[in-house]
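Taking it in order: structure first as structure tokens, then the write-up.
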Amino acid sequence: SSLQVSSSSSSSSVAFSRTGRRRHTICSPQEKEKRRALFLGCKSDKAEERRSRSRVKLRSVSFDKQESELEGSNADVVDGLVGAKGVVQLYRTPHLSADALQALLVRAQLEVSADIKAVDAEACFNLEVTQALDLEESYKVIWLLGETFELDKLTSSSSFQIDADVGDCLIEVGPRMSFSTPWSSNACSIFKSCGLDITRAERSTRYKLSVSRPDGLTSEEKEKFSKLVHDRMTMQVYEKSLTSFTSDVVPAPVISIP
């Protein structure tokens, strides 16, 4: 039981219950169409505003970098990249935080040798370049691999000075050559989007161990430390810098079982 009050100005009617409380509004088809158009218009305006904000954000993030801004701190990196072909190494520090290094040092002293007095780490980017890079492409690589506000931390040579006479030793671990890591797949996808012919990119970690003994660590102690910092199922120890991603693993022959 309700009463309806019609309004000619708004082309709609309002239904009231006998208690006088408003129940619902009955709109004419023309009024419904107007309200729908108004709703869709507001919705489209908000969507366009969001798209414009996204465009502003995309414009603010650019890989373009003026040569003058990079030449000062990355001149050696540019020289190493221009015309480079094959597997190229770039290095970046620091790779681990101070807290992570301190925790690793404590663990190494307990499980490897109490003579280890310091541990440092740096990242090594191994890039397989199929076509020689030019100057502009070299700047793109630097901008992609370098820290946003610390491009000078990316170098073409290692920052570690290894002095075996005082007990320093270097241990490098990285992905196995038999398969490409997800990190490499993502990195190569970005390189390809930027027009760079880099078919594989793997990141390894280099550890510098400072030991109080002049003779450094033994082979057994180095093996113990390497087990602390890598997964033997997916990673391996690099005895020297990579020159190729070719794996020396030979598949086992196929055997037919009757």
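Residues are named by chain letter and number: chains run A, B, ... in the order of the structure tokens, numbers start at 1 in each chain, and ligands are numbered from 1 in the order shown.
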
Exercise. Hey, what's within 8 Å of segment 89-98 of chain A if we count only C-alpha atoms and toss same-chain stuff fewer than 4 positions away? As a list in words, please?
Worked result: Val77, Gln102, Ala121, Glu122, Ala123, Cys124, Phe125, Asn126, Leu127, Gly146, Lys153, Leu154, Thr155, Ser156, Ser157, Ser158, Ser159 and Thr205 of chain A

For this session: Do a neighbour search on segment 200-202 of chain A at 12 Å with only C-alpha atoms, toss out local chain neighbours closer than 5 positions, and write the hits as a PyMOL selection string.
Result: chain A and resi 86-91+123-130+141+145+173-177+179-192+235+242+244-246

Given the selection you just returned, output its residues as a file containing N, CA and C atoms, formatted as a short mmCIF file (atom, residue, chain, number, x, y, z; two decimals), in the first residue's frame.
data_model
loop_
_atom_site.label_atom_id
_atom_site.label_comp_id
_atom_site.auth_asym_id
_atom_site.auth_seq_id
_atom_site.Cartn_x
_atom_site.Cartn_y
_atom_site.Cartn_z
N GLY A 86 80.23 -11.04 -28.04
CA GLY A 86 80.51 -12.21 -27.22
C GLY A 86 79.99 -12.00 -25.81
N VAL A 87 80.62 -12.62 -24.84
CA VAL A 87 80.21 -12.47 -23.44
C VAL A 87 80.99 -11.32 -22.82
N VAL A 88 80.27 -10.33 -22.33
CA VAL A 88 80.86 -9.13 -21.74
C VAL A 88 80.49 -9.09 -20.27
N GLN A 89 81.44 -8.70 -19.42
CA GLN A 89 81.18 -8.59 -17.98
C GLN A 89 81.09 -7.13 -17.55
N LEU A 90 80.08 -6.83 -16.75
CA LEU A 90 79.95 -5.55 -16.07
C LEU A 90 79.76 -5.84 -14.58
N TYR A 91 80.27 -4.94 -13.74
CA TYR A 91 80.27 -5.17 -12.29
C TYR A 91 79.54 -4.03 -11.59
N ALA A 123 78.14 -7.70 -7.67
CA ALA A 123 77.39 -8.39 -8.71
C ALA A 123 78.16 -8.32 -10.02
N CYS A 124 78.11 -9.40 -10.77
CA CYS A 124 78.73 -9.45 -12.09
C CYS A 124 77.66 -9.79 -13.11
N PHE A 125 77.48 -8.94 -14.10
CA PHE A 125 76.52 -9.16 -15.17
C PHE A 125 77.24 -9.74 -16.38
N ASN A 126 76.88 -10.96 -16.75
CA ASN A 126 77.48 -11.62 -17.90
C ASN A 126 76.50 -11.49 -19.07
N LEU A 127 76.86 -10.69 -20.06
CA LEU A 127 75.97 -10.38 -21.18
C LEU A 127 76.49 -11.04 -22.45
N GLU A 128 75.62 -11.79 -23.11
CA GLU A 128 75.97 -12.40 -24.39
C GLU A 128 75.48 -11.48 -25.50
N VAL A 129 76.42 -10.75 -26.10
CA VAL A 129 76.11 -9.76 -27.14
C VAL A 129 76.33 -10.41 -28.50
N THR A 130 75.27 -10.50 -29.29
CA THR A 130 75.38 -11.15 -30.60
C THR A 130 75.77 -10.18 -31.70
N VAL A 141 72.43 0.18 -22.17
CA VAL A 141 72.83 -0.91 -21.28
C VAL A 141 73.22 -0.37 -19.91
N LEU A 145 71.23 -1.37 -16.39
CA LEU A 145 71.89 -2.17 -15.37
C LEU A 145 72.40 -1.37 -14.18
N VAL A 173 80.05 -17.37 -7.70
CA VAL A 173 79.00 -18.36 -7.93
C VAL A 173 77.93 -17.73 -8.80
N GLY A 174 77.33 -18.57 -9.64
CA GLY A 174 76.29 -18.08 -10.54
C GLY A 174 75.46 -19.22 -11.09
N PRO A 175 74.50 -18.91 -11.96
CA PRO A 175 73.62 -19.94 -12.51
C PRO A 175 74.40 -20.95 -13.37
N ARG A 176 73.87 -22.14 -13.44
CA ARG A 176 74.46 -23.16 -14.31
C ARG A 176 74.23 -22.79 -15.77
N MET A 177 75.14 -23.27 -16.62
CA MET A 177 75.07 -22.94 -18.03
C MET A 177 74.01 -23.74 -18.77
N PHE A 179 70.86 -24.10 -18.35
CA PHE A 179 69.53 -23.51 -18.54
C PHE A 179 69.58 -22.02 -18.25
N SER A 180 68.63 -21.32 -18.83
CA SER A 180 68.54 -19.87 -18.64
C SER A 180 67.62 -19.57 -17.46
N THR A 181 68.02 -18.65 -16.60
CA THR A 181 67.25 -18.33 -15.40
C THR A 181 66.09 -17.38 -15.73
N PRO A 182 65.07 -17.33 -14.87
CA PRO A 182 63.99 -16.36 -15.07
C PRO A 182 64.49 -14.92 -15.09
N TRP A 183 65.52 -14.62 -14.29
CA TRP A 183 66.09 -13.27 -14.30
C TRP A 183 66.63 -12.95 -15.69
N SER A 184 67.29 -13.91 -16.31
CA SER A 184 67.83 -13.71 -17.65
C SER A 184 66.71 -13.51 -18.67
N SER A 185 65.64 -14.27 -18.56
CA SER A 185 64.52 -14.13 -19.50
C SER A 185 63.90 -12.75 -19.41
N ASN A 186 63.70 -12.26 -18.20
CA ASN A 186 63.13 -10.92 -18.03
C ASN A 186 64.08 -9.85 -18.54
N ALA A 187 65.37 -9.99 -18.22
CA ALA A 187 66.35 -9.00 -18.66
C ALA A 187 66.45 -8.96 -20.18
N CYS A 188 66.48 -10.13 -20.82
CA CYS A 188 66.59 -10.17 -22.28
C CYS A 188 65.33 -9.61 -22.94
N SER A 189 64.17 -9.81 -22.32
CA SER A 189 62.94 -9.23 -22.85
C SER A 189 63.01 -7.70 -22.83
N ILE A 190 63.55 -7.14 -21.76
CA ILE A 190 63.71 -5.68 -21.67
C ILE A 190 64.74 -5.20 -22.68
N PHE A 191 65.85 -5.91 -22.80
CA PHE A 191 66.88 -5.54 -23.78
C PHE A 191 66.30 -5.52 -25.19
N LYS A 192 65.50 -6.55 -25.50
CA LYS A 192 64.91 -6.64 -26.84
C LYS A 192 63.95 -5.48 -27.09
N MET A 235 72.94 -23.69 -9.30
CA MET A 235 74.08 -22.79 -9.42
C MET A 235 75.37 -23.58 -9.40
N LEU A 242 83.42 -15.91 -17.29
CA LEU A 242 82.80 -16.62 -18.39
C LEU A 242 83.21 -16.03 -19.74
N SER A 244 81.82 -17.93 -22.52
CA SER A 244 80.75 -18.52 -23.32
C SER A 244 79.72 -19.15 -22.38
N PHE A 245 78.48 -19.21 -22.86
CA PHE A 245 77.42 -19.87 -22.10
C PHE A 245 77.23 -21.32 -22.53
N THR A 246 78.13 -21.81 -23.35
CA THR A 246 78.04 -23.19 -23.80
C THR A 246 78.29 -24.13 -22.64
#

For this session: Return as JSON, numbers by chain the full set of residues in segment 66-234 of chain A whose backbone-based DSSP assignment is strand (DSSP E).
Result: {"A": [86, 87, 88, 89, 90, 91, 92, 116, 117, 118, 119, 120, 121, 122, 123, 124, 125, 126, 127, 128, 129, 154, 155, 169, 170, 171, 172, 173, 174, 175, 198, 199, 200, 201, 202, 203, 204, 205, 206, 207, 208, 209, 210, 211]}

Seminar exercise, completed: Using only C-alpha atoms, the shortest atom-to-atom distance to Glu172 of chain A among A:Gln109, A:Ser241, A:Gln131, A:Thr148 belongs to A:Ser241

Exercise. By how many Å are atom CA of Tyr139 of chain A and atom CA of Val78 of chain A apart?
Worked result: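 According to the coordinates, atom CA of Tyr139 of chain A and atom CA of Val78 of chain A are separated by 7.1 Å.
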
Set the distance at 12 Å and use only C-alpha atoms: which residues neighbour Ala114 of chain A once local chain neighbours fewer than 5 positions away are removed? I'd like the list as an mmCIF file with N, CA, C and O atoms, in the first residue's frame.
data_model
loop_
_atom_site.group_PDB
_atom_site.id
_atom_site.type_symbol
_atom_site.label_atom_id
_atom_site.label_comp_id
_atom_site.auth_asym_id
_atom_site.auth_seq_id
_atom_site.Cartn_x
_atom_site.Cartn_y
_atom_site.Cartn_z
ATOM 1 N N LEU A 105 79.332 -13.081 7.352
ATOM 2 C CA LEU A 105 80.644 -13.171 7.999
ATOM 3 C C LEU A 105 80.569 -14.012 9.267
ATOM 4 O O LEU A 105 81.429 -14.881 9.505
ATOM 5 N N VAL A 106 79.557 -13.775 10.077
ATOM 6 C CA VAL A 106 79.404 -14.549 11.321
ATOM 7 C C VAL A 106 79.215 -16.024 11.000
ATOM 8 O O VAL A 106 79.830 -16.902 11.634
ATOM 9 N N ARG A 107 78.414 -16.311 10.008
ATOM 10 C CA ARG A 107 78.167 -17.711 9.651
ATOM 11 C C ARG A 107 79.432 -18.359 9.090
ATOM 12 O O ARG A 107 79.725 -19.520 9.386
ATOM 13 N N ALA A 108 80.196 -17.605 8.268
ATOM 14 C CA ALA A 108 81.434 -18.148 7.703
ATOM 15 C C ALA A 108 82.467 -18.412 8.791
ATOM 16 O O ALA A 108 83.202 -19.413 8.738
ATOM 17 N N GLN A 109 82.535 -17.542 9.779
ATOM 18 C CA GLN A 109 83.484 -17.755 10.873
ATOM 19 C C GLN A 109 83.124 -18.983 11.697
ATOM 20 O O GLN A 109 84.007 -19.675 12.204
ATOM 21 N N SER A 210 88.658 -11.904 3.116
ATOM 22 C CA SER A 210 89.931 -11.481 3.713
ATOM 23 C C SER A 210 90.215 -12.380 4.912
ATOM 24 O O SER A 210 89.398 -12.470 5.834
ATOM 25 N N VAL A 211 91.377 -13.038 4.875
ATOM 26 C CA VAL A 211 91.731 -14.022 5.895
ATOM 27 C C VAL A 211 92.983 -13.558 6.620
ATOM 28 O O VAL A 211 93.892 -12.971 6.009
ATOM 29 N N SER A 212 93.020 -13.794 7.905
ATOM 30 C CA SER A 212 94.181 -13.380 8.706
ATOM 31 C C SER A 212 95.409 -14.247 8.437
ATOM 32 O O SER A 212 96.529 -13.840 8.726
ATOM 33 N N ARG A 213 95.234 -15.438 7.885
ATOM 34 C CA ARG A 213 96.372 -16.301 7.565
ATOM 35 C C ARG A 213 96.978 -15.878 6.238
ATOM 36 O O ARG A 213 96.254 -15.634 5.268
ATOM 37 N N GLY A 216 95.918 -17.929 3.197
ATOM 38 C CA GLY A 216 94.514 -17.889 2.809
ATOM 39 C C GLY A 216 93.756 -19.136 3.206
ATOM 40 O O GLY A 216 94.140 -19.864 4.120
ATOM 41 N N LEU A 217 92.674 -19.389 2.494
ATOM 42 C CA LEU A 217 91.845 -20.546 2.779
ATOM 43 C C LEU A 217 92.309 -21.764 1.993
ATOM 44 O O LEU A 217 92.835 -21.642 0.887
ATOM 45 N N GLU A 221 88.125 -25.411 2.673
ATOM 46 C CA GLU A 221 87.437 -24.273 3.271
ATOM 47 C C GLU A 221 86.720 -23.446 2.202
ATOM 48 O O GLU A 221 85.614 -22.940 2.424
#

Exercise. What's the 12 Å shell around Asp134 of chain A, counting only C-alpha atoms, without same-chain residues fewer than 4 positions away, as a ChimeraX atom specification?
Worked result: /A:78-85,129,138-141,195-197

Using only N, CA, C and O atoms, please write the residues we just selected to a file, as a tab-separated table (two decimals), in the first residue's frame.
chain	number	residue	atom	x	y	z
A	78	VAL	N	81.58	2.62	-21.16
A	78	VAL	CA	81.23	2.89	-22.54
A	78	VAL	C	82.32	2.36	-23.47
A	78	VAL	O	82.04	1.72	-24.49
A	79	ASP	N	83.57	2.61	-23.12
A	79	ASP	CA	84.68	2.13	-23.95
A	79	ASP	C	84.68	0.61	-24.03
A	79	ASP	O	85.02	0.03	-25.07
A	80	GLY	N	84.30	-0.05	-22.94
A	80	GLY	CA	84.28	-1.51	-22.95
A	80	GLY	C	83.11	-2.09	-23.71
A	80	GLY	O	83.18	-3.23	-24.18
A	81	LEU	N	82.01	-1.33	-23.82
A	81	LEU	CA	80.82	-1.84	-24.48
A	81	LEU	C	80.78	-1.56	-25.97
A	81	LEU	O	80.29	-2.38	-26.76
A	82	VAL	N	81.26	-0.40	-26.39
A	82	VAL	CA	81.21	-0.03	-27.80
A	82	VAL	C	82.04	-1.02	-28.62
A	82	VAL	O	83.23	-1.21	-28.37
A	83	GLY	N	81.39	-1.66	-29.57
A	83	GLY	CA	82.06	-2.63	-30.42
A	83	GLY	C	82.24	-3.99	-29.79
A	83	GLY	O	82.81	-4.89	-30.42
A	84	ALA	N	81.76	-4.17	-28.56
A	84	ALA	CA	81.94	-5.46	-27.87
A	84	ALA	C	81.03	-6.51	-28.49
A	84	ALA	O	79.92	-6.24	-28.94
A	85	LYS	N	81.52	-7.74	-28.48
A	85	LYS	CA	80.76	-8.87	-29.00
A	85	LYS	C	81.17	-10.12	-28.23
A	85	LYS	O	82.31	-10.25	-27.83
A	129	VAL	N	76.42	-10.75	-26.10
A	129	VAL	CA	76.11	-9.76	-27.14
A	129	VAL	C	76.33	-10.41	-28.50
A	129	VAL	O	77.44	-10.83	-28.82
A	138	SER	N	75.18	1.37	-26.01
A	138	SER	CA	75.98	1.22	-24.79
A	138	SER	C	75.40	2.04	-23.65
A	138	SER	O	75.35	1.58	-22.50
A	139	TYR	N	74.92	3.25	-23.96
A	139	TYR	CA	74.29	4.07	-22.93
A	139	TYR	C	73.01	3.42	-22.42
A	139	TYR	O	72.68	3.51	-21.23
A	140	LYS	N	72.27	2.75	-23.28
A	140	LYS	CA	71.05	2.05	-22.85
A	140	LYS	C	71.38	0.93	-21.87
A	140	LYS	O	70.69	0.74	-20.86
A	141	VAL	N	72.43	0.18	-22.17
A	141	VAL	CA	72.83	-0.91	-21.28
A	141	VAL	C	73.22	-0.37	-19.91
A	141	VAL	O	72.84	-0.92	-18.87
A	195	GLY	N	65.73	-2.53	-28.24
A	195	GLY	CA	66.49	-2.64	-29.48
A	195	GLY	C	67.90	-3.15	-29.32
A	195	GLY	O	68.75	-2.88	-30.17
A	196	LEU	N	68.18	-3.91	-28.25
A	196	LEU	CA	69.52	-4.42	-28.00
A	196	LEU	C	69.58	-5.91	-28.34
A	196	LEU	O	68.69	-6.67	-27.97
A	197	ASP	N	70.63	-6.31	-29.04
A	197	ASP	CA	70.81	-7.72	-29.42
A	197	ASP	C	71.62	-8.44	-28.35
A	197	ASP	O	72.79	-8.78	-28.52

Exercise. What gap, in Å, lies between atom CA of Leu151 of chain A and atom CA of Asn74 of chain A?
Worked result: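 Here the two named atoms are 7.4 Å from each other.
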
Seminar exercise, completed: re atom CA of Ala252 of chain A and atom CA of Ser226 of chain A: distance 27.3 Å

Exercise. Looking at A:Glu111, A:Asp168, A:Asp99, A:Asp152, which one is nearest to Asp215 of chain A, with distances taken over only C-alpha atoms?
Worked result: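 Residue with the minimum atom-to-atom distance to Asp215 of chain A: A:Asp168.
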
For this session: Step one, run DSSP on the backbone; step two, keep only residues of segment 43-225 of chain A assigned to alpha helix (DSSP H); then write them as a PyMOL selection string.
Result: chain A and resi 43-60+67-81+98-111+135-145+182-193+219-225

Based on the selection just made, write C-alpha atoms of those residues as a PDB file, in the first residue's frame.
ATOM      1  CA  LYS A  43      32.907   7.411 -15.762  1.00  0.00           C
ATOM      2  CA  SER A  44      34.639   8.167 -19.074  1.00  0.00           C
ATOM      3  CA  ASP A  45      36.020  11.438 -17.684  1.00  0.00           C
ATOM      4  CA  LYS A  46      37.542   9.573 -14.725  1.00  0.00           C
ATOM      5  CA  ALA A  47      39.010   6.934 -17.034  1.00  0.00           C
ATOM      6  CA  GLU A  48      40.542   9.608 -19.242  1.00  0.00           C
ATOM      7  CA  GLU A  49      41.999  11.300 -16.166  1.00  0.00           C
ATOM      8  CA  ARG A  50      43.602   8.030 -15.082  1.00  0.00           C
ATOM      9  CA  ARG A  51      45.030   7.504 -18.569  1.00  0.00           C
ATOM     10  CA  SER A  52      46.462  11.010 -18.639  1.00  0.00           C
ATOM     11  CA  ARG A  53      48.106  10.435 -15.255  1.00  0.00           C
ATOM     12  CA  SER A  54      49.598   7.193 -16.554  1.00  0.00           C
ATOM     13  CA  ARG A  55      50.971   9.000 -19.591  1.00  0.00           C
ATOM     14  CA  VAL A  56      52.586  11.587 -17.342  1.00  0.00           C
ATOM     15  CA  LYS A  57      54.202   8.813 -15.297  1.00  0.00           C
ATOM     16  CA  LEU A  58      55.449   7.057 -18.423  1.00  0.00           C
ATOM     17  CA  ARG A  59      56.896  10.275 -19.743  1.00  0.00           C
ATOM     18  CA  SER A  60      58.705  10.863 -16.466  1.00  0.00           C
ATOM     19  CA  GLU A  67      75.915  11.749 -22.982  1.00  0.00           C
ATOM     20  CA  SER A  68      77.407  14.507 -20.849  1.00  0.00           C
ATOM     21  CA  GLU A  69      75.753  13.022 -17.743  1.00  0.00           C
ATOM     22  CA  LEU A  70      77.245   9.559 -18.370  1.00  0.00           C
ATOM     23  CA  GLU A  71      80.642  10.327 -19.813  1.00  0.00           C
ATOM     24  CA  GLY A  72      82.138  11.447 -16.516  1.00  0.00           C
ATOM     25  CA  SER A  73      81.422   8.414 -14.346  1.00  0.00           C
ATOM     26  CA  ASN A  74      80.980   5.652 -16.956  1.00  0.00           C
ATOM     27  CA  ALA A  75      83.567   6.446 -19.599  1.00  0.00           C
ATOM     28  CA  ASP A  76      85.385   3.152 -19.012  1.00  0.00           C
ATOM     29  CA  VAL A  77      82.121   1.213 -19.259  1.00  0.00           C
ATOM     30  CA  VAL A  78      81.234   2.892 -22.543  1.00  0.00           C
ATOM     31  CA  ASP A  79      84.681   2.128 -23.948  1.00  0.00           C
ATOM     32  CA  GLY A  80      84.284  -1.506 -22.952  1.00  0.00           C
ATOM     33  CA  LEU A  81      80.816  -1.842 -24.480  1.00  0.00           C
ATOM     34  CA  ALA A  98      75.897  -4.286   5.316  1.00  0.00           C
ATOM     35  CA  ASP A  99      73.594  -6.360   7.535  1.00  0.00           C
ATOM     36  CA  ALA A 100      73.585  -9.266   5.073  1.00  0.00           C
ATOM     37  CA  LEU A 101      77.374  -9.186   4.809  1.00  0.00           C
ATOM     38  CA  GLN A 102      77.732  -9.118   8.590  1.00  0.00           C
ATOM     39  CA  ALA A 103      75.389 -12.101   8.952  1.00  0.00           C
ATOM     40  CA  LEU A 104      77.342 -13.988   6.273  1.00  0.00           C
ATOM     41  CA  LEU A 105      80.644 -13.171   7.999  1.00  0.00           C
ATOM     42  CA  VAL A 106      79.404 -14.549  11.321  1.00  0.00           C
ATOM     43  CA  ARG A 107      78.167 -17.711   9.651  1.00  0.00           C
ATOM     44  CA  ALA A 108      81.434 -18.148   7.703  1.00  0.00           C
ATOM     45  CA  GLN A 109      83.484 -17.755  10.873  1.00  0.00           C
ATOM     46  CA  LEU A 110      81.412 -20.412  12.595  1.00  0.00           C
ATOM     47  CA  GLU A 111      81.101 -22.939   9.758  1.00  0.00           C
ATOM     48  CA  LEU A 135      77.489   4.318 -28.567  1.00  0.00           C
ATOM     49  CA  GLU A 136      73.757   4.857 -28.099  1.00  0.00           C
ATOM     50  CA  GLU A 137      73.144   1.179 -27.327  1.00  0.00           C
ATOM     51  CA  SER A 138      75.980   1.220 -24.791  1.00  0.00           C
ATOM     52  CA  TYR A 139      74.287   4.068 -22.931  1.00  0.00           C
ATOM     53  CA  LYS A 140      71.049   2.055 -22.852  1.00  0.00           C
ATOM     54  CA  VAL A 141      72.831  -0.914 -21.275  1.00  0.00           C
ATOM     55  CA  ILE A 142      74.383   1.334 -18.630  1.00  0.00           C
ATOM     56  CA  TRP A 143      71.040   2.952 -17.849  1.00  0.00           C
ATOM     57  CA  LEU A 144      69.298  -0.425 -17.534  1.00  0.00           C
ATOM     58  CA  LEU A 145      71.892  -2.175 -15.370  1.00  0.00           C
ATOM     59  CA  PRO A 182      63.988 -16.358 -15.068  1.00  0.00           C
ATOM     60  CA  TRP A 183      66.092 -13.265 -14.301  1.00  0.00           C
ATOM     61  CA  SER A 184      67.827 -13.714 -17.654  1.00  0.00           C
ATOM     62  CA  SER A 185      64.519 -14.132 -19.495  1.00  0.00           C
ATOM     63  CA  ASN A 186      63.126 -10.919 -18.027  1.00  0.00           C
ATOM     64  CA  ALA A 187      66.352  -8.998 -18.658  1.00  0.00           C
ATOM     65  CA  CYS A 188      66.586 -10.172 -22.283  1.00  0.00           C
ATOM     66  CA  SER A 189      62.941  -9.230 -22.855  1.00  0.00           C
ATOM     67  CA  ILE A 190      63.706  -5.684 -21.672  1.00  0.00           C
ATOM     68  CA  PHE A 191      66.876  -5.539 -23.781  1.00  0.00           C
ATOM     69  CA  LYS A 192      64.910  -6.635 -26.839  1.00  0.00           C
ATOM     70  CA  SER A 193      62.268  -3.971 -26.216  1.00  0.00           C
ATOM     71  CA  SER A 219      90.504 -25.855  -0.973  1.00  0.00           C
ATOM     72  CA  GLU A 220      88.240 -27.568   1.546  1.00  0.00           C
ATOM     73  CA  GLU A 221      87.437 -24.273   3.271  1.00  0.00           C
ATOM     74  CA  LYS A 222      86.656 -22.598  -0.069  1.00  0.00           C
ATOM     75  CA  GLU A 223      84.294 -25.440  -0.909  1.00  0.00           C
ATOM     76  CA  LYS A 224      82.581 -25.063   2.468  1.00  0.00           C
ATOM     77  CA  PHE A 225      82.077 -21.342   1.913  1.00  0.00           C
TER      78      PHE A 225
END
